[in-house]
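Q: Provided below: coords-v6.cif, containing mmCIF, C-alpha atoms and all ligand atoms.
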```cif
data_model
loop_
_atom_site.label_atom_id
_atom_site.label_comp_id
_atom_site.auth_asym_id
_atom_site.auth_seq_id
_atom_site.Cartn_x
_atom_site.Cartn_y
_atom_site.Cartn_z
CA MET A 904 101.33 -29.27 21.16
CA SER A 905 100.32 -25.72 22.13
CA SER A 906 102.95 -23.17 23.06
CA GLU A 907 102.63 -19.55 24.16
CA SER A 908 105.37 -18.68 21.69
CA ILE A 909 103.32 -19.71 18.63
CA SER A 910 100.99 -17.08 17.18
CA ARG A 911 97.28 -17.90 17.42
CA SER A 912 96.97 -16.64 13.84
CA ILE A 913 98.08 -20.08 12.65
CA ASN A 914 95.00 -22.25 12.39
CA VAL A 915 96.36 -25.72 13.19
CA VAL A 916 94.34 -28.52 11.58
CA HIS A 917 95.89 -31.58 13.24
CA PRO A 918 96.75 -31.06 16.94
CA VAL A 919 99.72 -33.43 17.05
CA THR A 920 103.41 -32.61 17.31
CA LEU A 921 105.46 -34.49 14.75
CA SER A 922 108.87 -35.89 15.39
CA HIS A 923 109.95 -37.53 12.12
CA GLY A 924 108.78 -39.13 8.90
CA LYS A 925 109.75 -41.84 6.43
CA ASN A 926 108.24 -42.38 2.99
CA ALA A 927 104.47 -41.86 3.39
CA GLU A 928 104.38 -42.09 7.19
CA VAL A 929 105.03 -39.70 10.07
CA TRP A 930 105.43 -40.23 13.84
CA ASP A 931 104.48 -37.87 16.66
CA THR A 932 106.57 -37.10 19.73
CA GLU A 933 104.76 -39.89 21.62
CA GLY A 934 105.73 -42.45 19.02
CA LYS A 935 102.29 -42.73 17.42
CA ARG A 936 102.47 -43.53 13.69
CA TYR A 937 100.28 -41.88 11.03
CA ILE A 938 99.82 -42.30 7.28
CA ASP A 939 100.66 -38.86 5.89
CA PHE A 940 97.88 -37.65 3.62
CA VAL A 941 99.14 -34.06 3.88
CA GLY A 942 102.57 -34.47 2.28
CA GLY A 943 103.58 -30.84 2.89
CA ILE A 944 100.24 -29.94 1.23
CA GLY A 945 100.97 -31.93 -1.86
CA VAL A 946 104.60 -31.01 -2.40
CA LEU A 947 106.39 -34.05 -0.95
CA ASN A 948 105.95 -36.16 -4.04
CA LEU A 949 108.80 -38.46 -3.07
CA GLY A 950 107.72 -38.80 0.56
CA HIS A 951 109.74 -38.08 3.67
CA CYS A 952 113.51 -38.46 3.82
CA HIS A 953 114.14 -40.15 0.48
CA PRO A 954 117.82 -41.17 0.73
CA ARG A 955 118.80 -39.47 -2.56
CA ILE A 956 117.18 -36.20 -1.50
CA VAL A 957 118.79 -36.37 1.96
CA GLU A 958 122.15 -37.02 0.30
CA ALA A 959 121.72 -34.09 -2.13
CA ILE A 960 120.85 -31.72 0.75
CA ARG A 961 123.80 -32.99 2.80
CA ASP A 962 126.15 -32.61 -0.17
CA GLN A 963 125.03 -29.05 -0.93
CA ALA A 964 125.18 -28.07 2.76
CA THR A 965 128.90 -28.83 2.76
CA ARG A 966 129.49 -26.39 -0.12
CA LEU A 967 127.17 -23.38 0.13
CA THR A 968 124.01 -23.21 2.24
CA HIS A 969 122.55 -19.90 1.11
CA TYR A 970 123.28 -17.06 -1.26
CA ALA A 971 120.97 -14.45 -2.76
CA PHE A 972 121.03 -15.04 -6.52
CA ASN A 973 120.62 -11.32 -7.18
CA ALA A 974 123.77 -10.69 -5.16
CA ALA A 975 125.78 -13.43 -6.90
CA PRO A 976 124.51 -16.30 -9.11
CA HIS A 977 125.35 -19.89 -8.24
CA GLN A 978 125.42 -23.00 -10.40
CA PRO A 979 122.76 -25.23 -8.75
CA TYR A 980 120.15 -22.46 -9.23
CA ILE A 981 121.03 -22.21 -12.93
CA ASP A 982 120.99 -26.01 -13.38
CA LEU A 983 117.60 -26.33 -11.66
CA MET A 984 116.02 -23.53 -13.71
CA GLU A 985 117.22 -25.17 -16.91
CA ARG A 986 115.65 -28.47 -15.87
CA LEU A 987 112.38 -26.83 -14.74
CA SER A 988 112.11 -24.76 -17.95
CA ALA A 989 112.28 -27.96 -19.99
CA PHE A 990 109.01 -29.10 -18.34
CA ILE A 991 106.97 -26.12 -19.57
CA PRO A 992 104.94 -27.44 -22.54
CA VAL A 993 105.32 -24.49 -24.95
CA ASP A 994 107.28 -24.10 -28.17
CA TYR A 995 109.07 -20.86 -27.25
CA PRO A 996 111.89 -20.18 -24.79
CA VAL A 997 110.82 -19.75 -21.17
CA SER A 998 112.58 -18.25 -18.20
CA GLY A 999 111.77 -18.14 -14.52
CA MET A 1000 112.93 -17.41 -11.02
CA LEU A 1001 112.81 -19.28 -7.74
CA THR A 1002 110.95 -17.87 -4.75
CA ASN A 1003 110.51 -18.92 -1.13
CA SER A 1004 106.82 -19.74 -1.28
CA GLY A 1005 103.78 -20.08 -3.50
CA ALA A 1006 102.44 -16.71 -2.39
CA GLU A 1007 105.74 -15.04 -3.24
CA ALA A 1008 105.67 -16.66 -6.68
CA ALA A 1009 102.13 -15.39 -7.31
CA GLU A 1010 102.98 -11.89 -6.05
CA ASN A 1011 106.02 -11.72 -8.32
CA ALA A 1012 103.97 -12.96 -11.27
CA LEU A 1013 101.58 -10.04 -10.65
CA LYS A 1014 104.46 -7.56 -10.60
CA ILE A 1015 106.00 -9.01 -13.76
CA VAL A 1016 102.73 -9.08 -15.71
CA ARG A 1017 101.89 -5.51 -14.65
CA GLY A 1018 105.32 -4.33 -15.75
CA ALA A 1019 105.17 -6.22 -19.06
CA THR A 1020 101.63 -5.20 -20.04
CA GLY A 1021 101.21 -1.80 -18.39
CA ARG A 1022 97.80 -3.09 -17.18
CA SER A 1023 96.67 -3.99 -13.70
CA ALA A 1024 93.39 -5.96 -13.66
CA VAL A 1025 93.53 -9.67 -12.88
CA ILE A 1026 90.92 -12.33 -13.58
CA ALA A 1027 90.88 -15.08 -10.94
CA PHE A 1028 88.39 -17.85 -10.17
CA ASP A 1029 85.80 -18.82 -7.59
CA GLY A 1030 87.26 -21.24 -5.04
CA ALA A 1031 90.86 -20.38 -5.99
CA PHE A 1032 93.72 -20.39 -3.51
CA HIS A 1033 96.88 -18.42 -4.25
CA GLY A 1034 98.30 -17.59 -0.82
CA ARG A 1035 98.06 -15.63 2.41
CA THR A 1036 99.92 -12.41 1.62
CA LEU A 1037 97.91 -9.22 1.01
CA ALA A 1038 97.95 -9.31 -2.80
CA THR A 1039 97.36 -13.06 -3.06
CA LEU A 1040 94.47 -12.94 -0.55
CA ASN A 1041 92.52 -10.92 -3.06
CA LEU A 1042 93.12 -13.55 -5.75
CA ASN A 1043 91.59 -16.23 -3.53
CA GLY A 1044 88.06 -17.13 -4.51
CA LYS A 1045 86.89 -17.61 -0.94
CA VAL A 1046 86.13 -15.06 1.79
CA ALA A 1047 86.24 -17.25 4.91
CA PRO A 1048 88.75 -17.74 6.40
CA TYR A 1049 91.18 -15.79 4.22
CA LYS A 1050 89.75 -12.35 3.57
CA GLN A 1051 88.00 -11.67 6.88
CA LYS A 1052 89.16 -8.76 9.06
CA VAL A 1053 92.07 -7.80 6.80
CA GLY A 1054 90.69 -4.57 5.35
CA LEU A 1055 91.38 -3.19 1.91
CA LEU A 1056 93.18 -5.59 -0.43
CA PRO A 1057 95.20 -4.72 -3.56
CA GLY A 1058 93.19 -4.86 -6.76
CA PRO A 1059 91.63 -4.77 -9.20
CA VAL A 1060 90.75 -8.48 -9.16
CA TYR A 1061 87.63 -10.06 -10.69
CA HIS A 1062 86.43 -13.62 -10.18
CA LEU A 1063 84.79 -15.97 -12.66
CA PRO A 1064 83.09 -19.33 -12.00
CA TYR A 1065 85.63 -22.17 -12.31
CA PRO A 1066 84.44 -24.51 -15.07
CA SER A 1067 85.10 -28.17 -14.36
CA HIS A 1068 83.55 -31.52 -15.12
CA ASP A 1069 83.94 -32.10 -11.37
CA ASN A 1070 81.75 -29.23 -10.07
CA GLY A 1071 79.08 -29.03 -12.78
CA VAL A 1072 80.04 -25.53 -13.98
CA THR A 1073 80.12 -25.77 -17.77
CA CYS A 1074 82.53 -24.09 -20.12
CA ALA A 1075 79.56 -22.24 -21.69
CA GLU A 1076 78.49 -20.86 -18.29
CA ALA A 1077 81.99 -19.63 -17.51
CA LEU A 1078 82.34 -18.03 -20.97
CA LYS A 1079 78.97 -16.32 -20.46
CA ALA A 1080 80.17 -14.95 -17.11
CA MET A 1081 83.33 -13.74 -18.84
CA ASP A 1082 81.28 -11.93 -21.52
CA ARG A 1083 79.28 -10.25 -18.76
CA LEU A 1084 82.45 -9.28 -16.91
CA PHE A 1085 83.93 -7.60 -19.97
CA SER A 1086 80.73 -5.76 -20.80
CA VAL A 1087 79.68 -4.74 -17.26
CA GLU A 1088 82.72 -4.63 -14.95
CA ILE A 1089 86.04 -4.11 -16.73
CA ASP A 1090 87.37 -3.27 -20.18
CA ILE A 1091 89.29 -6.26 -21.51
CA ALA A 1092 92.00 -3.81 -22.63
CA ASP A 1093 92.77 -3.21 -18.93
CA VAL A 1094 93.21 -6.90 -18.08
CA ALA A 1095 96.83 -7.87 -17.38
CA CYS A 1096 96.30 -11.62 -16.91
CA PHE A 1097 94.22 -14.59 -15.90
CA ILE A 1098 95.55 -16.56 -12.94
CA PHE A 1099 94.23 -20.06 -12.34
CA GLU A 1100 95.09 -23.43 -10.91
CA PRO A 1101 94.87 -26.14 -13.61
CA VAL A 1102 93.66 -28.30 -10.73
CA GLN A 1103 92.14 -26.38 -7.80
CA GLY A 1104 93.01 -27.66 -4.33
CA GLU A 1105 91.16 -25.57 -1.73
CA ALA A 1106 87.95 -25.80 -3.74
CA GLY A 1107 87.96 -29.60 -3.49
CA PHE A 1108 90.32 -30.96 -6.16
CA LEU A 1109 88.68 -29.76 -9.36
CA ALA A 1110 90.34 -29.96 -12.78
CA MET A 1111 89.67 -27.03 -15.10
CA ASP A 1112 87.72 -27.86 -18.27
CA PRO A 1113 90.48 -27.68 -20.92
CA ALA A 1114 88.02 -26.19 -23.43
CA PHE A 1115 87.71 -23.11 -21.20
CA ALA A 1116 91.48 -22.75 -20.78
CA GLN A 1117 91.86 -22.80 -24.58
CA SER A 1118 89.13 -20.17 -25.06
CA ALA A 1119 90.56 -17.94 -22.34
CA ALA A 1120 94.01 -18.16 -23.96
CA THR A 1121 92.66 -16.60 -27.17
CA PHE A 1122 91.52 -13.55 -25.13
CA VAL A 1123 94.97 -12.75 -23.83
CA ARG A 1124 96.97 -13.16 -27.03
C1 LIG B 1201 97.89 -22.97 -6.01
C2 LIG B 1201 98.60 -22.42 -4.80
N1 LIG B 1201 99.17 -21.19 -4.90
C3 LIG B 1201 99.81 -20.66 -3.84
C4 LIG B 1201 99.91 -21.34 -2.64
C5 LIG B 1201 100.60 -20.67 -1.48
O1 LIG B 1201 101.78 -21.29 -1.20
P1 LIG B 1201 102.62 -20.90 0.10
O2 LIG B 1201 101.84 -21.42 1.27
O3 LIG B 1201 103.93 -21.59 -0.11
O4 LIG B 1201 102.74 -19.40 0.11
C6 LIG B 1201 99.37 -22.62 -2.51
C7 LIG B 1201 99.48 -23.36 -1.23
O5 LIG B 1201 98.88 -24.36 -0.98
C8 LIG B 1201 98.68 -23.17 -3.61
O6 LIG B 1201 98.10 -24.38 -3.52
#
```
So, in terms of structure tokens, how does the structure I just supplied come out?

A:
Amino acid sequence: MSSESISRSINVVHPVTLSHGKNAEVWDTEGKRYIDFVGGIGVLNLGHCHPRIVEAIRDQATRLTHYAFNAAPHQPYIDLMERLSAFIPVDYPVSGMLTNSGAEAAENALKIVRGATGRSAVIAFDGAFHGRTLATLNLNGKVAPYKQKVGLLPGPVYHLPYPSHDNGVTCAEALKAMDRLFSVEIDIADVACFIFEPVQGEAGFLAMDPAFAQSAATFVR
């Protein structure tokens, strides 16, 4: 599976070379079959090669394979955004944009929130994972392996304990840490946003205590 042409900076977890997949299974180039517990790191909710998805990709590929929306809008982008917006559980209109990766989404969220608030500080959480680009590295709540040997990272970013019934950190403890943060480290008036995963992945699949999310929301209104 190794090749001189692949950068050693990619830390490969499973040293097999895959050939194809179907539903929840994948096969390597030697024909060995595996149950796929990776699923594109949790994004292949319908498994591999679902016939309706394959058909939709094939259909679109015969019409238009790529166009930058900022150069000229196209209908499938608009249709998808309308459908995605309908999933956001708030009672006011929402808008969004599509990006190429999770890190790019997080980076753009930082730019948008800085522009909208005129503030720059971000509150993130211990154990968080937001990506591998320079700005998102600093949001991650883990030094190894992400923040080693990369030098100065864009800030300011502050981390709080992640309160969850799954890790034993209580809502009260996290709120206490937040009080300390705002009295010792940073003026709340300089905070642009909180960024958090409702369910952390890298940290070991922890769901945030909803009581904390509700309390934190009152700070940013
Ligand atoms: C919560 C979260 N944010 C951002 C990312 C980064 O996504 P990408 O690897 O597409 O940049 C991930 C990837 O696993 C993620 O789980």

Q: Determine, counting all atoms listed in the file, which protein, DNA and RNA residues have an atom within 12 Å of an atom of A:Asn926; residues of the same chain fewer than 5 positions away are not included. Present the result as a VMD selection string.

A: chain A and resid 937 to 940 942 947 to 954 956

Q: Using only C-alpha atoms and all ligand atoms, what table do you get, as a Markdown table, when you list each residue of chain A with an atom no more than 9 Å from ligand LIG 1201 (chain B), its nearest pair of atoms, and their distance in Å rounded to one decimal, rows by chain then rising number?

A:
```
| residue | atom | partner | partner_atom | distance |
| --- | --- | --- | --- | --- |
| A:Gly943 | CA | B:LIG1201 | O5 | 8.9 |
| A:Ile944 | CA | B:LIG1201 | O5 | 6.2 |
| A:Gly945 | CA | B:LIG1201 | O5 | 7.9 |
| A:Val946 | CA | B:LIG1201 | O5 | 8.9 |
| A:Asn1003 | CA | B:LIG1201 | O3 | 7.2 |
| A:Ser1004 | CA | B:LIG1201 | O3 | 3.6 |
| A:Gly1005 | CA | B:LIG1201 | O1 | 3.3 |
| A:Ala1006 | CA | B:LIG1201 | O4 | 3.7 |
| A:Glu1007 | CA | B:LIG1201 | O4 | 6.3 |
| A:Ala1008 | CA | B:LIG1201 | C3 | 7.6 |
| A:Ala1009 | CA | B:LIG1201 | C3 | 6.7 |
| A:Ala1031 | CA | B:LIG1201 | C1 | 7.5 |
| A:Phe1032 | CA | B:LIG1201 | C2 | 5.4 |
| A:His1033 | CA | B:LIG1201 | N1 | 3.7 |
| A:Gly1034 | CA | B:LIG1201 | C5 | 3.9 |
| A:Arg1035 | CA | B:LIG1201 | O4 | 6.4 |
| A:Thr1036 | CA | B:LIG1201 | O4 | 7.7 |
| A:Thr1039 | CA | B:LIG1201 | C3 | 8.0 |
| A:Phe1099 | CA | B:LIG1201 | C1 | 7.9 |
| A:Glu1100 | CA | B:LIG1201 | C1 | 5.7 |
| A:Pro1101 | CA | B:LIG1201 | C1 | 8.8 |
| A:Val1102 | CA | B:LIG1201 | C1 | 8.3 |
| A:Gln1103 | CA | B:LIG1201 | C1 | 6.9 |
| A:Gly1104 | CA | B:LIG1201 | O6 | 6.1 |
| A:Glu1105 | CA | B:LIG1201 | O6 | 7.3 |
```

Q: Using all atoms listed in the file for the distances, tell me which of A:Ala1106, A:Ala971, A:Met1081, A:Ile1091 is nearest to A:Ser1118.

A: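 Among the listed residues, A:Met1081 lies closest to A:Ser1118.
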
Q: Which is closest to A:Pro979 among A:Asp994, A:Asp1093, A:Pro1048, A:Ala959, if we use only C-alpha atoms?

A: A:Ala959

Q: Looking at A:Glu933, A:His1068, A:Glu928, A:Val1094, which one is nearest to A:Ala1114, with distances taken over all atoms listed in the file?

A: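 Comparing A:Glu933, A:His1068, A:Glu928, A:Val1094 against A:Ala1114, the winner is A:His1068.
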
Q: Near A:Ile1089, counting all atoms listed in the file, which residues have an atom at most 9 Å away, once you skip same-chain residues fewer than 5 positions from it, shown as a ChimeraX atom specification?

A: /A:1024,1061,1084,1094

Q: Could you please take those selected residues and save C-alpha atoms as a PDB file, in the coordinates of the input?

A:
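result_0.pdb was written with the following content:
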```pdb
ATOM      1  CA  ALA A1024      93.390  -5.960 -13.660  1.00  0.00           C
ATOM      2  CA  TYR A1061      87.630 -10.060 -10.690  1.00  0.00           C
ATOM      3  CA  LEU A1084      82.450  -9.280 -16.910  1.00  0.00           C
ATOM      4  CA  VAL A1094      93.210  -6.900 -18.080  1.00  0.00           C
TER       5      VAL A1094
END
```

Q: So, with all atoms listed in the file as the atoms that count, which of A:Cys1096, A:Ala1110, A:Glu1088, A:Phe1115 lies closest to A:Glu1076?

A: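 That would be A:Phe1115, the residue with the smallest distance to A:Glu1076.
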
Q: I'd like to know which of A:His969, A:Met1000, A:Val1046, A:Lys935 is closest to A:Leu983, using only C-alpha atoms.

A: A:Met1000

Q: With only C-alpha atoms as the atoms that count, which of A:Val1087, A:Val1025, A:Leu1109, A:Leu1040 lies nearest to A:Asp1069?

A: A:Leu1109

Q: Which residues, protein or nucleic acid, reach to within 9 Å of (111.7, -12.8, -14.1) in the file's coordinates when using all atoms listed in the file, and can you give that as an NGL selection string?

A: :A and (998-1000 or 1011-1012 or 1015)

Q: Which polymer residues have any atom within 10 Å of an atom of A:Ala1019, counting only C-alpha atoms, with same-chain residues fewer than 5 positions away left out, as a list in words?

A: Leu1013, Lys1014 and Ala1095 of chain A

Q: Identify the residues within 12 Å of coordinate (80.8, -22.5, -22.8) (same frame as the file), considering all atoms listed in the file, and give the answer as JSON, numbers by chain.

A: {"A": [1064, 1065, 1066, 1067, 1072, 1073, 1074, 1075, 1076, 1077, 1078, 1079, 1080, 1081, 1082, 1112, 1113, 1114, 1115, 1116, 1117, 1118, 1119]}

Q: Figure out the distance between atom CA of A:Gly1107 and atom CA of A:Asn1043, please, to one decimal in Å.

A: 13.9 Å

Q: Between atom CA of A:Ile1026 and atom CA of A:Leu1042, measure the distance and give it in Å to one decimal.

A: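 Straight-line distance from atom CA of A:Ile1026 to atom CA of A:Leu1042 works out to 8.2 Å.
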
Q: Just how far from atom CA of A:Thr1121 is atom CA of A:Tyr995, in Å to one decimal?

A: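 Rounded to one decimal, the two atoms are 17.0 Å apart.
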